[in-house]
Every structure is written in C-alpha cells, then in structure tokens.
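Structure file run_36.pdb (PDB, C-alpha atoms) follows.
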```pdb
ATOM      1  CA  MET A   1     -12.145  40.126  23.829
ATOM      2  CA  LYS A   2     -15.503  40.727  22.139
ATOM      3  CA  LYS A   3     -13.739  41.262  18.795
ATOM      4  CA  LEU A   4     -11.837  37.995  19.245
ATOM      5  CA  LEU A   5     -15.018  36.077  20.035
ATOM      6  CA  ALA A   6     -16.764  37.666  17.088
ATOM      7  CA  PHE A   7     -13.904  36.736  14.758
ATOM      8  CA  THR A   8     -13.874  33.158  16.058
ATOM      9  CA  ALA A   9     -17.612  32.847  15.506
ATOM     10  CA  PHE A  10     -17.248  34.319  12.016
ATOM     11  CA  ALA A  11     -14.405  31.908  11.159
ATOM     12  CA  ALA A  12     -16.395  28.920  12.390
ATOM     13  CA  ALA A  13     -19.439  29.991  10.393
ATOM     14  CA  ALA A  14     -17.317  30.536   7.275
ATOM     15  CA  ALA A  15     -15.712  27.099   7.607
ATOM     16  CA  GLY A  16     -19.107  25.491   8.031
ATOM     17  CA  ALA A  17     -20.473  27.269   4.981
ATOM     18  CA  TYR A  18     -17.398  26.288   2.968
ATOM     19  CA  ALA A  19     -17.828  22.633   3.891
ATOM     20  CA  GLN A  20     -21.527  22.720   3.069
ATOM     21  CA  ASP A  21     -20.705  24.124  -0.361
ATOM     22  CA  PHE A  22     -17.696  21.820  -0.990
ATOM     23  CA  PRO A  23     -16.958  20.585  -3.621
ATOM     24  CA  ALA A  24     -19.200  23.137  -5.366
ATOM     25  CA  GLY A  25     -18.960  21.362  -8.702
ATOM     26  CA  LYS A  26     -15.184  21.774  -8.879
ATOM     27  CA  THR A  27     -12.939  18.944 -10.011
ATOM     28  CA  VAL A  28     -11.044  17.016  -7.322
ATOM     29  CA  THR A  29      -7.615  15.657  -8.268
ATOM     30  CA  LEU A  30      -6.545  12.296  -6.841
ATOM     31  CA  VAL A  31      -2.759  12.038  -7.112
ATOM     32  CA  VAL A  32      -1.301   8.548  -7.575
ATOM     33  CA  PRO A  33       2.481   8.555  -7.032
ATOM     34  CA  PHE A  34       2.992   5.646  -9.453
ATOM     35  CA  SER A  35       2.713   5.047 -13.189
ATOM     36  CA  ALA A  36      -0.613   4.304 -14.846
ATOM     37  CA  GLY A  37      -1.603   0.652 -15.127
ATOM     38  CA  GLY A  38      -0.057  -0.620 -11.905
ATOM     39  CA  PRO A  39      -1.947  -2.081  -8.908
ATOM     40  CA  THR A  40      -2.132   1.231  -6.990
ATOM     41  CA  ASP A  41      -3.310   3.090 -10.088
ATOM     42  CA  ARG A  42      -6.069   0.509 -10.565
ATOM     43  CA  VAL A  43      -7.216   0.972  -6.958
ATOM     44  CA  ALA A  44      -7.225   4.751  -7.427
ATOM     45  CA  ARG A  45      -9.263   4.628 -10.632
ATOM     46  CA  ASP A  46     -11.797   2.255  -9.112
ATOM     47  CA  LEU A  47     -12.108   4.514  -6.067
ATOM     48  CA  ALA A  48     -12.346   7.661  -8.200
ATOM     49  CA  GLU A  49     -15.220   6.169 -10.190
ATOM     50  CA  ALA A  50     -17.172   5.354  -7.031
ATOM     51  CA  LEU A  51     -16.193   8.593  -5.292
ATOM     52  CA  GLN A  52     -17.585  10.678  -8.134
ATOM     53  CA  LYS A  53     -21.047   9.385  -7.211
ATOM     54  CA  THR A  54     -20.763   9.895  -3.454
ATOM     55  CA  LEU A  55     -19.006  13.269  -3.628
ATOM     56  CA  GLY A  56     -21.043  14.516  -6.550
ATOM     57  CA  THR A  57     -18.229  15.911  -8.658
ATOM     58  CA  THR A  58     -15.569  14.892 -11.185
ATOM     59  CA  ILE A  59     -12.501  13.067  -9.833
ATOM     60  CA  VAL A  60      -9.383  13.192 -12.005
ATOM     61  CA  VAL A  61      -6.527  10.730 -11.415
ATOM     62  CA  ASP A  62      -3.094  12.328 -11.738
ATOM     63  CA  ASN A  63      -0.158   9.920 -12.074
ATOM     64  CA  THR A  64       2.941  11.656 -10.702
ATOM     65  CA  ALA A  65       5.430   8.824 -10.457
ATOM     66  CA  GLY A  66       9.050   8.554  -9.380
ATOM     67  CA  ALA A  67      11.439   8.118  -6.460
ATOM     68  CA  GLY A  68       9.474   5.392  -4.741
ATOM     69  CA  SER A  69       6.277   7.502  -4.623
ATOM     70  CA  SER A  70       7.980  10.445  -2.884
ATOM     71  CA  ILE A  71       7.570  12.858  -5.835
ATOM     72  CA  GLY A  72       3.802  12.525  -6.061
ATOM     73  CA  THR A  73       3.472  12.512  -2.277
ATOM     74  CA  ALA A  74       5.473  15.750  -2.047
ATOM     75  CA  LYS A  75       3.194  17.288  -4.679
ATOM     76  CA  VAL A  76       0.187  16.781  -2.431
ATOM     77  CA  ALA A  77       2.039  18.004   0.668
ATOM     78  CA  ARG A  78       2.664  21.304  -1.177
ATOM     79  CA  ALA A  79      -0.886  21.613  -2.570
ATOM     80  CA  ALA A  80      -3.443  24.100  -1.314
ATOM     81  CA  PRO A  81      -5.238  22.686   1.761
ATOM     82  CA  ASP A  82      -8.717  23.066   0.322
ATOM     83  CA  GLY A  83      -9.800  19.463  -0.307
ATOM     84  CA  TYR A  84      -9.373  19.616  -4.074
ATOM     85  CA  THR A  85      -6.041  17.754  -4.162
ATOM     86  CA  LEU A  86      -5.858  14.327  -2.527
ATOM     87  CA  LEU A  87      -3.317  11.505  -2.418
ATOM     88  CA  LEU A  88      -3.810   7.757  -2.655
ATOM     89  CA  ASN A  89      -0.666   5.905  -1.585
ATOM     90  CA  HIS A  90       0.213   2.466  -0.293
ATOM     91  CA  ILE A  91       2.565   0.982   2.298
ATOM     92  CA  GLY A  92       5.244   3.336   0.963
ATOM     93  CA  MET A  93       3.905   5.993   3.339
ATOM     94  CA  SER A  94       5.385   3.959   6.194
ATOM     95  CA  THR A  95       8.675   2.996   4.545
ATOM     96  CA  MET A  96       9.782   6.278   2.950
ATOM     97  CA  PRO A  97      10.979   7.771   6.263
ATOM     98  CA  ALA A  98      13.553   4.965   6.585
ATOM     99  CA  LEU A  99      14.349   4.464   2.886
ATOM    100  CA  TYR A 100      15.130   8.095   2.062
ATOM    101  CA  ARG A 101      17.824  10.128   3.799
ATOM    102  CA  LYS A 102      15.968  13.346   3.007
ATOM    103  CA  LEU A 103      12.272  13.798   2.330
ATOM    104  CA  PRO A 104      10.626  17.156   1.507
ATOM    105  CA  PHE A 105       7.743  16.257   3.819
ATOM    106  CA  ASN A 106       6.986  14.552   7.110
ATOM    107  CA  VAL A 107       4.608  11.624   6.676
ATOM    108  CA  GLU A 108       3.061  11.957  10.123
ATOM    109  CA  ASN A 109       2.859  15.756  10.329
ATOM    110  CA  ASP A 110       2.306  17.135   6.816
ATOM    111  CA  PHE A 111      -0.908  15.339   5.893
ATOM    112  CA  GLU A 112      -4.485  14.963   7.016
ATOM    113  CA  TYR A 113      -5.440  11.283   7.140
ATOM    114  CA  LEU A 114      -8.734  10.344   5.487
ATOM    115  CA  GLY A 115      -8.915   6.584   6.073
ATOM    116  CA  MET A 116      -7.658   3.286   4.706
ATOM    117  CA  VAL A 117      -9.258   1.773   1.616
ATOM    118  CA  ASN A 118      -8.001  -1.791   1.203
ATOM    119  CA  GLU A 119      -5.289  -4.371   1.762
ATOM    120  CA  VAL A 120      -3.732  -6.766  -0.758
ATOM    121  CA  PRO A 121      -2.208 -10.045   0.518
ATOM    122  CA  MET A 122       1.151 -11.371  -0.695
ATOM    123  CA  THR A 123       2.478 -14.808  -1.560
ATOM    124  CA  LEU A 124       5.907 -16.427  -1.299
ATOM    125  CA  ILE A 125       6.688 -18.232  -4.548
ATOM    126  CA  GLY A 126       9.674 -20.068  -6.045
ATOM    127  CA  LYS A 127      11.072 -20.953  -9.465
ATOM    128  CA  PRO A 128       9.550 -24.002 -11.233
ATOM    129  CA  GLY A 129      12.589 -26.229 -10.751
ATOM    130  CA  LEU A 130      13.083 -25.540  -7.067
ATOM    131  CA  PRO A 131      13.216 -28.950  -5.291
ATOM    132  CA  ALA A 132      11.150 -27.861  -2.264
ATOM    133  CA  ASN A 133       7.446 -28.716  -2.628
ATOM    134  CA  ASN A 134       6.131 -27.150   0.608
ATOM    135  CA  TYR A 135       7.200 -24.580   3.162
ATOM    136  CA  LYS A 136       8.909 -27.098   5.469
ATOM    137  CA  GLU A 137      10.999 -28.379   2.597
ATOM    138  CA  LEU A 138      11.713 -24.795   1.536
ATOM    139  CA  THR A 139      13.229 -23.858   4.903
ATOM    140  CA  ALA A 140      15.424 -26.964   4.752
ATOM    141  CA  TRP A 141      16.528 -26.012   1.241
ATOM    142  CA  ILE A 142      17.280 -22.431   2.352
ATOM    143  CA  ALA A 143      19.352 -23.709   5.282
ATOM    144  CA  ALA A 144      21.340 -25.968   2.947
ATOM    145  CA  ASN A 145      21.972 -23.235   0.391
ATOM    146  CA  LYS A 146      22.947 -20.205   2.494
ATOM    147  CA  GLY A 147      24.768 -17.616   0.452
ATOM    148  CA  LYS A 148      23.549 -19.057  -2.843
ATOM    149  CA  ILE A 149      19.913 -17.925  -2.933
ATOM    150  CA  ASN A 150      18.719 -15.129  -5.236
ATOM    151  CA  LEU A 151      15.658 -13.263  -3.984
ATOM    152  CA  GLY A 152      14.014 -11.081  -6.598
ATOM    153  CA  ASN A 153      12.101  -7.843  -6.059
ATOM    154  CA  ALA A 154      10.380  -5.190  -8.169
ATOM    155  CA  GLY A 155      12.728  -2.401  -7.067
ATOM    156  CA  LEU A 156      13.794  -0.407  -4.028
ATOM    157  CA  GLY A 157      10.879   0.092  -1.649
ATOM    158  CA  ALA A 158       8.519  -2.083  -3.715
ATOM    159  CA  ALA A 159       6.140  -4.416  -1.912
ATOM    160  CA  SER A 160       8.225  -7.420  -2.965
ATOM    161  CA  HIS A 161      11.371  -5.750  -1.646
ATOM    162  CA  LEU A 162       9.805  -5.095   1.756
ATOM    163  CA  CYS A 163       8.377  -8.600   2.025
ATOM    164  CA  GLY A 164      11.775 -10.042   1.154
ATOM    165  CA  LEU A 165      13.491  -7.953   3.823
ATOM    166  CA  LEU A 166      11.012  -9.072   6.480
ATOM    167  CA  PHE A 167      11.291 -12.709   5.389
ATOM    168  CA  GLN A 168      15.096 -12.656   5.664
ATOM    169  CA  SER A 169      14.895 -10.883   9.017
ATOM    170  CA  ALA A 170      12.439 -13.467  10.362
ATOM    171  CA  LEU A 171      14.578 -16.383   9.178
ATOM    172  CA  LYS A 172      17.842 -14.651  10.149
ATOM    173  CA  VAL A 173      19.226 -15.589   6.731
ATOM    174  CA  GLU A 174      20.754 -13.286   4.130
ATOM    175  CA  MET A 175      19.896 -13.788   0.477
ATOM    176  CA  THR A 176      21.223 -12.008  -2.593
ATOM    177  CA  PRO A 177      18.715  -9.302  -3.617
ATOM    178  CA  VAL A 178      18.025  -9.022  -7.342
ATOM    179  CA  PRO A 179      16.107  -5.800  -8.081
ATOM    180  CA  TYR A 180      14.060  -5.283 -11.238
ATOM    181  CA  LYS A 181      12.183  -2.354 -12.728
ATOM    182  CA  GLY A 182       8.783  -3.767 -11.877
ATOM    183  CA  THR A 183       7.147  -7.081 -11.083
ATOM    184  CA  ALA A 184       6.714  -8.318 -14.672
ATOM    185  CA  PRO A 185      10.447  -8.767 -15.405
ATOM    186  CA  ALA A 186      10.980 -10.275 -11.938
ATOM    187  CA  ILE A 187       8.329 -12.931 -12.555
ATOM    188  CA  ALA A 188       9.704 -13.555 -16.051
ATOM    189  CA  ASP A 189      13.134 -14.324 -14.590
ATOM    190  CA  LEU A 190      11.585 -16.458 -11.845
ATOM    191  CA  LEU A 191       9.817 -18.528 -14.503
ATOM    192  CA  GLY A 192      13.117 -18.800 -16.359
ATOM    193  CA  GLY A 193      15.006 -19.896 -13.265
ATOM    194  CA  GLN A 194      17.311 -16.849 -13.099
ATOM    195  CA  ILE A 195      16.117 -16.104  -9.547
ATOM    196  CA  ASP A 196      15.001 -18.527  -6.849
ATOM    197  CA  LEU A 197      12.323 -16.775  -4.807
ATOM    198  CA  LEU A 198       9.929 -13.851  -4.961
ATOM    199  CA  CYS A 199       7.365 -12.469  -2.515
ATOM    200  CA  ASP A 200       4.720 -10.408  -4.289
ATOM    201  CA  GLN A 201       1.094  -9.333  -4.294
ATOM    202  CA  THR A 202      -1.693 -11.770  -5.112
ATOM    203  CA  THR A 203      -2.671  -9.418  -7.941
ATOM    204  CA  ASN A 204       0.597 -10.392  -9.646
ATOM    205  CA  THR A 205       1.031 -14.030  -8.591
ATOM    206  CA  THR A 206      -2.357 -15.758  -8.425
ATOM    207  CA  SER A 207      -2.580 -16.539 -12.138
ATOM    208  CA  GLN A 208       0.936 -18.028 -12.101
ATOM    209  CA  ILE A 209       0.077 -20.145  -9.043
ATOM    210  CA  GLU A 210      -3.234 -21.277 -10.539
ATOM    211  CA  ALA A 211      -1.465 -22.343 -13.744
ATOM    212  CA  LYS A 212       1.153 -24.186 -11.643
ATOM    213  CA  LYS A 213       3.941 -22.272 -13.381
ATOM    214  CA  VAL A 214       5.645 -21.486 -10.045
ATOM    215  CA  LYS A 215       6.075 -23.193  -6.687
ATOM    216  CA  ALA A 216       3.776 -21.587  -4.086
ATOM    217  CA  TYR A 217       4.721 -21.849  -0.410
ATOM    218  CA  ALA A 218       2.757 -19.465   1.799
ATOM    219  CA  VAL A 219       0.674 -16.312   2.150
ATOM    220  CA  THR A 220       1.659 -13.319   4.253
ATOM    221  CA  THR A 221      -1.668 -12.729   6.010
ATOM    222  CA  THR A 222      -2.547 -13.846   9.541
ATOM    223  CA  LYS A 223      -5.358 -16.035   8.210
ATOM    224  CA  ARG A 224      -5.524 -18.297   5.183
ATOM    225  CA  LEU A 225      -7.094 -16.834   2.049
ATOM    226  CA  THR A 226     -10.369 -18.067   0.577
ATOM    227  CA  THR A 227      -9.380 -17.574  -3.065
ATOM    228  CA  PRO A 228      -9.690 -21.027  -4.721
ATOM    229  CA  ALA A 229      -6.139 -21.002  -6.094
ATOM    230  CA  LEU A 230      -4.670 -19.957  -2.733
ATOM    231  CA  LYS A 231      -6.927 -21.530  -0.105
ATOM    232  CA  ASP A 232      -4.574 -24.461   0.574
ATOM    233  CA  LEU A 233      -1.513 -22.293   1.144
ATOM    234  CA  PRO A 234      -0.472 -21.950   4.820
ATOM    235  CA  THR A 235       0.321 -18.584   6.334
ATOM    236  CA  LEU A 236       3.929 -17.832   7.174
ATOM    237  CA  ALA A 237       2.781 -17.211  10.753
ATOM    238  CA  GLU A 238       1.312 -20.707  11.116
ATOM    239  CA  SER A 239       4.417 -22.110   9.427
ATOM    240  CA  GLY A 240       6.590 -20.891  12.261
ATOM    241  CA  LEU A 241       7.316 -17.222  11.572
ATOM    242  CA  LYS A 242       5.444 -15.748  14.526
ATOM    243  CA  ASP A 243       3.558 -12.483  13.887
ATOM    244  CA  PHE A 244       4.673 -12.417  10.239
ATOM    245  CA  GLU A 245       2.258 -10.237   8.311
ATOM    246  CA  VAL A 246       2.707  -8.107   5.197
ATOM    247  CA  THR A 247      -0.177  -6.621   3.260
ATOM    248  CA  ILE A 248      -0.077  -3.823   0.753
ATOM    249  CA  TRP A 249      -2.585  -1.339   2.114
ATOM    250  CA  HIS A 250      -3.844   1.855   0.520
ATOM    251  CA  GLY A 251      -5.038   5.032   2.201
ATOM    252  CA  VAL A 252      -6.193   8.522   1.224
ATOM    253  CA  TYR A 253      -4.602  11.781   2.413
ATOM    254  CA  ALA A 254      -5.104  15.537   2.094
ATOM    255  CA  PRO A 255      -2.642  18.411   2.642
ATOM    256  CA  LYS A 256      -2.147  19.508   6.239
ATOM    257  CA  GLY A 257      -4.480  22.319   7.225
ATOM    258  CA  THR A 258      -7.471  21.248   5.139
ATOM    259  CA  PRO A 259     -10.556  22.500   7.044
ATOM    260  CA  ALA A 260     -12.050  19.957   9.433
ATOM    261  CA  PRO A 261     -15.568  20.162   7.930
ATOM    262  CA  VAL A 262     -14.129  19.391   4.480
ATOM    263  CA  LEU A 263     -12.156  16.449   5.878
ATOM    264  CA  LYS A 264     -15.326  15.099   7.468
ATOM    265  CA  LYS A 265     -17.206  15.359   4.193
ATOM    266  CA  LEU A 266     -14.375  13.646   2.296
ATOM    267  CA  ASN A 267     -14.100  10.828   4.831
ATOM    268  CA  GLU A 268     -17.841  10.182   4.659
ATOM    269  CA  ALA A 269     -17.766  10.200   0.847
ATOM    270  CA  ILE A 270     -14.806   7.778   0.754
ATOM    271  CA  LYS A 271     -16.492   5.351   3.168
ATOM    272  CA  ALA A 272     -19.664   5.476   1.088
ATOM    273  CA  ALA A 273     -17.661   4.860  -2.107
ATOM    274  CA  MET A 274     -16.098   1.771  -0.546
ATOM    275  CA  LYS A 275     -19.587   0.279  -0.233
ATOM    276  CA  ASP A 276     -20.349   0.775  -3.923
ATOM    277  CA  PRO A 277     -21.115  -2.661  -5.477
ATOM    278  CA  GLY A 278     -19.018  -1.923  -8.544
ATOM    279  CA  PHE A 279     -16.034  -0.895  -6.442
ATOM    280  CA  ILE A 280     -16.364  -3.996  -4.267
ATOM    281  CA  LYS A 281     -16.550  -6.304  -7.310
ATOM    282  CA  ARG A 282     -13.514  -4.768  -8.989
ATOM    283  CA  GLN A 283     -11.449  -4.852  -5.791
ATOM    284  CA  GLU A 284     -12.310  -8.492  -5.159
ATOM    285  CA  GLY A 285     -11.201  -9.182  -8.722
ATOM    286  CA  LEU A 286      -7.789  -7.765  -7.801
ATOM    287  CA  GLY A 287      -7.578 -10.009  -4.750
ATOM    288  CA  ALA A 288      -7.902  -6.980  -2.477
ATOM    289  CA  VAL A 289      -9.741  -6.917   0.848
ATOM    290  CA  ILE A 290     -11.718  -3.717   1.417
ATOM    291  CA  THR A 291     -11.113  -2.146   4.818
ATOM    292  CA  THR A 292     -14.180  -2.304   7.045
ATOM    293  CA  ASP A 293     -12.671  -1.825  10.499
ATOM    294  CA  LYS A 294     -11.952   1.332  12.504
ATOM    295  CA  ARG A 295      -8.975   2.217  10.273
ATOM    296  CA  THR A 296     -11.461   3.820   7.895
ATOM    297  CA  GLU A 297     -11.532   6.635  10.470
ATOM    298  CA  PRO A 298      -8.792   9.310  10.211
ATOM    299  CA  ALA A 299      -7.394   8.936  13.745
ATOM    300  CA  GLU A 300      -7.115   5.146  13.505
ATOM    301  CA  HIS A 301      -5.664   5.378  10.000
ATOM    302  CA  LYS A 302      -2.908   7.658  11.302
ATOM    303  CA  LYS A 303      -2.312   5.430  14.325
ATOM    304  CA  PHE A 304      -1.905   2.438  12.015
ATOM    305  CA  VAL A 305       0.594   4.224   9.737
ATOM    306  CA  SER A 306       2.653   5.310  12.763
ATOM    307  CA  ALA A 307       2.791   1.678  13.898
ATOM    308  CA  GLU A 308       3.874   0.613  10.409
ATOM    309  CA  ILE A 309       6.652   3.235  10.426
ATOM    310  CA  ALA A 310       7.874   1.805  13.722
ATOM    311  CA  LYS A 311       7.696  -1.720  12.278
ATOM    312  CA  TRP A 312       9.561  -1.113   9.012
ATOM    313  CA  GLY A 313      12.148   1.441  10.154
ATOM    314  CA  PRO A 314      14.414  -0.962  12.064
ATOM    315  CA  ILE A 315      14.141  -3.657   9.356
ATOM    316  CA  ILE A 316      15.129  -1.260   6.559
ATOM    317  CA  LYS A 317      17.940   0.327   8.593
ATOM    318  CA  ALA A 318      19.322  -3.070   9.615
ATOM    319  CA  ALA A 319      19.437  -4.044   5.942
ATOM    320  CA  GLY A 320      21.385  -0.868   5.159
ATOM    321  CA  VAL A 321      19.027   0.062   2.326
ATOM    322  CA  TYR A 322      18.869   3.751   1.462
ATOM    323  CA  ALA A 323      17.896   5.926  -1.476
ATOM    324  CA  ASP A 324      19.241   9.442  -1.988
TER     325      ASP A 324
END
```
Translate the structure described by the file into structure tokens.
Amino acid sequence: MKKLLAFTAFAAAAAGAYAQDFPAGKTVTLVVPFSAGGPTDRVARDLAEALQKTLGTTIVVDNTAGAGSSIGTAKVARAAPDGYTLLLNHIGMSTMPALYRKLPFNVENDFEYLGMVNEVPMTLIGKPGLPANNYKELTAWIAANKGKINLGNAGLGAASHLCGLLFQSALKVEMTPVPYKGTAPAIADLLGGQIDLLCDQTTNTTSQIEAKKVKAYAVTTTKRLTTPALKDLPTLAESGLKDFEVTIWHGVYAPKGTPAPVLKKLNEAIKAAMKDPGFIKRQEGLGAVITTDKRTEPAEHKKFVSAEIAKWGPIIKAAGVYAD
C-alpha cells in the first residue's frame, strides 16, 4: 500500500513538472484536415499566430486533407498524447459519425476537448434570375416547383451540404442535390443560373450579396447579423422555420490521454489567444464570431459536440447520405 501511494505521489509530481515545463521550446503541430487556403485553414493560421505568443513556442500548421476531414482527424487520434500534436476541425466532428460507415476513431471518446474557437454564420442565396425577391416569395416558388429545384453544395459533408439537408428537412421538400468540388465552382454555377439555390458561409457569400449578384433570402443564425450587407436579411427561424440554426463552428482537440496539466495549459493559452486584437480583427474580417461563452471550456465544448452529433445524425441518415 505504501509503495502504491508513493508511486501515485511520484506520478502526480512528474505530471505537474511536465506541465510546468511544457512546451519546453518544442514545436507544436496544429493539424488542419483541409487544404490550405480554405476557411478552416485561415482560422487555424490566425489562431496559430496568436497562440505562438500565449504558449511561447512555434506553432506549425499541417494541412492533412481528404475524406471529409477524417484523414487529418485520424492522424491526430493516433498521435502521441503529449500536447505537441493538436487538431483544429469544424462542424465535421459532429457529422462524420453519421456520414461515414467506418471511422478509425470515435469522435467522443478518442480526443481531449480543448474548447471552441468561433462560429461562422451561413446565408441562403439564389440565382440572379430567380423570380422570388424575399423569403416569403421563395417558399411560394419552391412549393410551385417541387421536383424541379437544383440545390448546390460544395461536396459531401461540406457546410453547404449540411445546411441544404436541414433546409429540406425543415420544409419537408426534396430538391435535387448538385455537389461540387468546393464552394467556388458552386457559386460560379449559381451566378450562371445552372443551379437555383445555395446555402453557404458568409465568408463565401457576403461579397456576392453586397454586389447584388445573387438573390439573398435569409441567414441561418438565431439573431440577425450586424454586417452592413446582411443586416436586413431575416433569420430562417423568424421566417417560420422554428429552431433553425446552422453555424460552422471550429474547436481544438488533442489525442486522448494527454496529461491533464498539459490540457489545462493549452486551454488557457487558446483562450488567451482568442483575446488577441490581431486575431479578433482577422476573424471579424472573415465574418466569424469568436466564442466567448462557456463552450470555451473543455467539458462544455464536448457537451456541445455531443448535442450536434445527436442533431445531425438523424438528418443525414434520413437523407440516405453515406461515404465509404
């Protein structure tokens, strides 16, 4: 018994010393499971720049893209649980369990949650020649054209795909999905009239709305946005779709088993980085809202993701959408 107590005390002291020393000047890798240049990559690079100051070491962004973010996410799940390999992922953490028949990791059990970073609103937009000029007219047009409407998205599991699924589920109307390899070609075809509707992030749609190149109908947040180009758009919830809300949120994760003192130090450094003026300015420029509520804490972050898994699972399964 004395040996056990002595070992426990030694282990606790060692963990405390390790945390005090961490990161000891070593480079921390922040894995982004998407290609460079996209919205999530931009969030990661902004965070890495601020986190270098608060953590006091070099942060390297590693883009490991593919399979709807599951490849990069799996990479972190397999990494050594020492705090030197982290993951920044978006809403895909809550949709992968339903989208993929087999995953080499369990989202809820194979990661340590370090807190949410931000949320990006979405907008429902239509092609330039669409006859509906507001949301009420849009719903009438949808009702009159059932079976004829093309709804674009940026690919399986993309934010636009998820928003489209939820929109159809809320309206109880099926539209023809038109997947693209990214948002840029989807918007190009929307502008050209090849597709009718698209629901995508403000980071991708605001400039088109501001230039009046597309028809804008609603935002997917619970409250109206304050951005000048979007402030007059109603929310889908106030337009009649009760409880409709889709935001593209980002959170940070570490491999399961990372020592608690290290997790605490990382969480504190991330929260401090999110208050960096430069980070705030760049995120606002993307149309993102920095998380300031209790979801910046690991337990609440995990609770939120579990709720999102429960929300998206039935919608994805009902749509019969799967990826091998």
query = Applied to this file, what does the PyMOL selection byres ((chain A and resi 204-211) around 10) return in terms of residues, put as a ChimeraX atom specification?
reply = /A:39,122-125,183-184,187,191,198-203,212-217,227-230,286-287
query = In Å to one decimal, how far is CA of Val32 in chain A from CA of Gly182 in chain A?
reply =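 Taking CA of Gly182 in chain A and CA of Val32 in chain A, their separation equals 16.5 Å.
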query = Which distance in Å separates CA of His250 in chain A and CA of Gln20 in chain A, to one decimal?
reply =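 Between CA of His250 in chain A and CA of Gln20 in chain A the gap is 27.5 Å.
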inquiry  = What's the separation between CA of Ile91 in chain A and CA of Asp41 in chain A, in Å to one decimal place?
reply    =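 Here the two named atoms are 13.9 Å from each other.
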request  = Write out as a list of chain:residue names each polymer residue whose atoms come within 6 Å of range 46-62 of chain A, counting all atoms listed in the file; drop sequence neighbours fewer than 4 positions from it.
outcome  =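 What passes the distance filter is A:Gly25, A:Thr27, A:Val28, A:Thr29, A:Leu30, A:Val31, A:Val32, A:Ala269, A:Ala273, A:Phe279.
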How close does each residue of range 151-220 of chain A get to range 137-147 of chain A, giving the shortest atom pair and distance in Å to one decimal for every residue with an atom at most 10 Å away, counting all atoms listed in the file, sorted by chain and residue number, as JSON lines?
```
{"residue": "A:Leu171", "atom": "CA", "partner": "A:Thr139", "partner_atom": "CA", "distance": 8.7}
{"residue": "A:Val173", "atom": "CA", "partner": "A:Lys146", "partner_atom": "CA", "distance": 7.3}
{"residue": "A:Glu174", "atom": "CA", "partner": "A:Gly147", "partner_atom": "CA", "distance": 7.0}
{"residue": "A:Met175", "atom": "CA", "partner": "A:Gly147", "partner_atom": "CA", "distance": 6.2}
{"residue": "A:Thr176", "atom": "CA", "partner": "A:Gly147", "partner_atom": "CA", "distance": 7.3}
{"residue": "A:Tyr217", "atom": "CA", "partner": "A:Leu138", "partner_atom": "CA", "distance": 7.8}
```
Explicit residue set for the PyMOL selection byres ((chain A and resi 247) around 8), as a VMD selection string = chain A and resid 119 to 122 220 to 221 245 to 246 248 to 249
